[in-house]
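**Q** One structure follows; several queries about it will come next.
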Amino acid sequence: MEKTYFDLIADEILEVMLSIPLLHEIADLNHKQLVLFTTQFYQFVKNFPRYLGALIWKFPDENIRFALANNLVDEVGGFAHLEKMDRTATHPALFRRFALTLNITEEQMNNAQPRPYTQKMLDTLDNLFIHSHYIKAIGGLAPGMESIFNTWIDLVLQGLRKTQRYSEKELLFFSLHTIVDEEHSEIIKVNLLDYLSDEENKKFLKEGAYTTVNAQKEFFLNLTEEIKTLTHHPDLAIHC
Ligand SMILES: [Fe+2]
């Protein structure tokens, strides 16, 4: 099947993400480095449902809002958990389950502060999802994140599996995301087709996707710099 404009943008964005060396080197991180990776990446994980909420508010199309609501239900653990008000399977909770294997408690995760470079990424994403045109915002979410998350999070998953330190249950946040987000993105893609016959909308979609990926790339490169200091100074304390 011929690739759509949406697919072409997603391919470009994936290439940018895959060019980040850190994502290929997860198996080589020592404990302190992995703690830093986990506490900082968590800042993104815990904010992600808010981006969906902002887009549901912002997007004028009912079908897209329906798809985003479905996505949000998955973020809070799926319909069965939601119905029972069971919060143990929300995606941030699954991520905290992994963090616990590094001896980072739930309380420590909740109190973990973003580094300035992490905050910069969060500010960029807040601005994108709250203040940008709705096509730009969905560009940041769908081709910018969800179409490609399955591929690069799989690199993280494979790196963690390689260490043989974690059970599959502990790695559920990662293995789950090798599947779910791509499905979400496909539904959004189908519903965006009509919008993308318009040249200005195409431009917005691309701008949004690049805003996201550039913010994430800068975050990971800065994180890498700090991670390197933990190799040279193994006793340096991490304030998570
Ligand atoms: Fe998620």
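Each chain in the structure tokens gets a letter, A, B and so on, in the order shown; residues start at 1 in every chain, and ligands are counted from 1 in the order they appear.
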For ligand 1, list the contacting residues at 10 Å or closer, counting only C-alpha atoms and all ligand atoms, as a count of residues only.
**A** 24
**Q** Using only C-alpha atoms for the distances, tell me which of A:Thr229, A:Ser197, A:Thr178, A:Ser167 is nearest to Trp152 in chain A.
**A**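 Comparing A:Thr229, A:Ser197, A:Thr178, A:Ser167 against Trp152 in chain A, the winner is A:Thr178.
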**Q** For Asn63 in chain A, which residue out of A:Leu192, A:Ala209, A:Ile227, A:Leu155 is the nearest one, using only C-alpha atoms?
**A** A:Leu192
**Q** When you draw a straight line from CA of Tyr5 in chain A to CA of Asp194 in chain A, how long is it in Å?
**A**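 Separation between CA of Tyr5 in chain A and CA of Asp194 in chain A: 11.6 Å.
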**Q** Name the closest residue to Asn191 in chain A among the candidates A:Lys228, A:Lys206, A:Lys162, A:Arg65; distances are taken between atoms, counting only C-alpha atoms.
**A** A:Arg65
**Q** Kindly indicate which residue among A:Leu223, A:Val213, A:Ala80, A:Val35 lies nearest to Ile148 in chain A, using only C-alpha atoms for the distances.
**A**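 Distance minimum relative to Ile148 in chain A lands on A:Val213.
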**Q** Mind checking DSSP for range 16-220 of chain A and telling me the alpha helix (DSSP H) residues as a VMD selection string?
**A** chain A and resid 16 to 18 31 to 58 62 to 75 79 to 83 91 to 100 106 to 111 116 to 131 134 to 141 147 to 163 172 to 176 180 to 192 199 to 220
**Q** Skipping near chain neighbours, those fewer than 4 positions away, what residues fall within 12 Å of Glu200 in chain A using only C-alpha atoms, listed as a short mmCIF file (atom, residue, chain, number, x, y, z; two decimals) with C-alpha atoms, in the first residue's frame?
**A**
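Contents of out35.cif, freshly written:
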```cif
data_model
loop_
_atom_site.label_atom_id
_atom_site.label_comp_id
_atom_site.auth_asym_id
_atom_site.auth_seq_id
_atom_site.Cartn_x
_atom_site.Cartn_y
_atom_site.Cartn_z
CA HIS A 133 -3.03 24.73 16.34
CA ILE A 135 -3.26 19.82 13.64
CA LYS A 136 0.17 20.81 14.89
CA TYR A 195 -7.52 17.04 6.95
CA LEU A 196 -4.28 16.19 5.16
CA PHE A 204 1.24 21.94 10.70
CA LEU A 205 1.39 18.16 11.07
CA LYS A 206 5.08 18.10 10.17
CA GLU A 207 5.92 21.06 12.43
#
```
**Q** Between A:Gln158, A:Gln33, A:Ser19, A:Asn110, which one has atoms that come closest to Leu230 in chain A, using only C-alpha atoms?
**A**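 Closest candidate: A:Gln33.
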**Q** Would you please work out which residue, of A:Leu18, A:Ala99, A:Met1, A:Ile153, is nearest to Ala112 in chain A when using only C-alpha atoms?
**A**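 Checking each of A:Leu18, A:Ala99, A:Met1, A:Ile153 against Ala112 in chain A, counting only C-alpha atoms, the winner is A:Ala99.
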**Q** Name all residues at most 9 Å from Asp7 in chain A (count only C-alpha atoms; drop same-chain ones fewer than 5 positions away) and give them as a VMD selection string.
**A** chain A and resid 12 143 147 189
**Q** Can you spit out the residues from that selection as a PDB file, in the first residue's frame, using N, CA and C atoms?
**A**
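Final output, again-v8.pdb:
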```pdb
ATOM      1  N   GLU A  12      10.342   9.730   8.956  1.00  0.00           N
ATOM      2  CA  GLU A  12      11.412  10.713   9.215  1.00  0.00           C
ATOM      3  C   GLU A  12      11.665  10.855  10.719  1.00  0.00           C
ATOM      4  N   PRO A 143       2.119  11.154  14.564  1.00  0.00           N
ATOM      5  CA  PRO A 143       3.376  10.758  13.909  1.00  0.00           C
ATOM      6  C   PRO A 143       4.602  11.105  14.766  1.00  0.00           C
ATOM      7  N   SER A 147       3.326   6.787  16.638  1.00  0.00           N
ATOM      8  CA  SER A 147       3.627   5.896  15.506  1.00  0.00           C
ATOM      9  C   SER A 147       4.974   5.229  15.666  1.00  0.00           C
ATOM     10  N   LYS A 189      -4.605   8.236  12.375  1.00  0.00           N
ATOM     11  CA  LYS A 189      -4.169   8.429  10.981  1.00  0.00           C
ATOM     12  C   LYS A 189      -5.360   8.341  10.019  1.00  0.00           C
TER      13      LYS A 189
END
```
**Q** Hey, can you check how far CA of Leu23 in chain A sits from CA of Glu170 in chain A?
**A**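 Atom-to-atom, CA of Leu23 in chain A and CA of Glu170 in chain A are spaced 19.0 Å apart.
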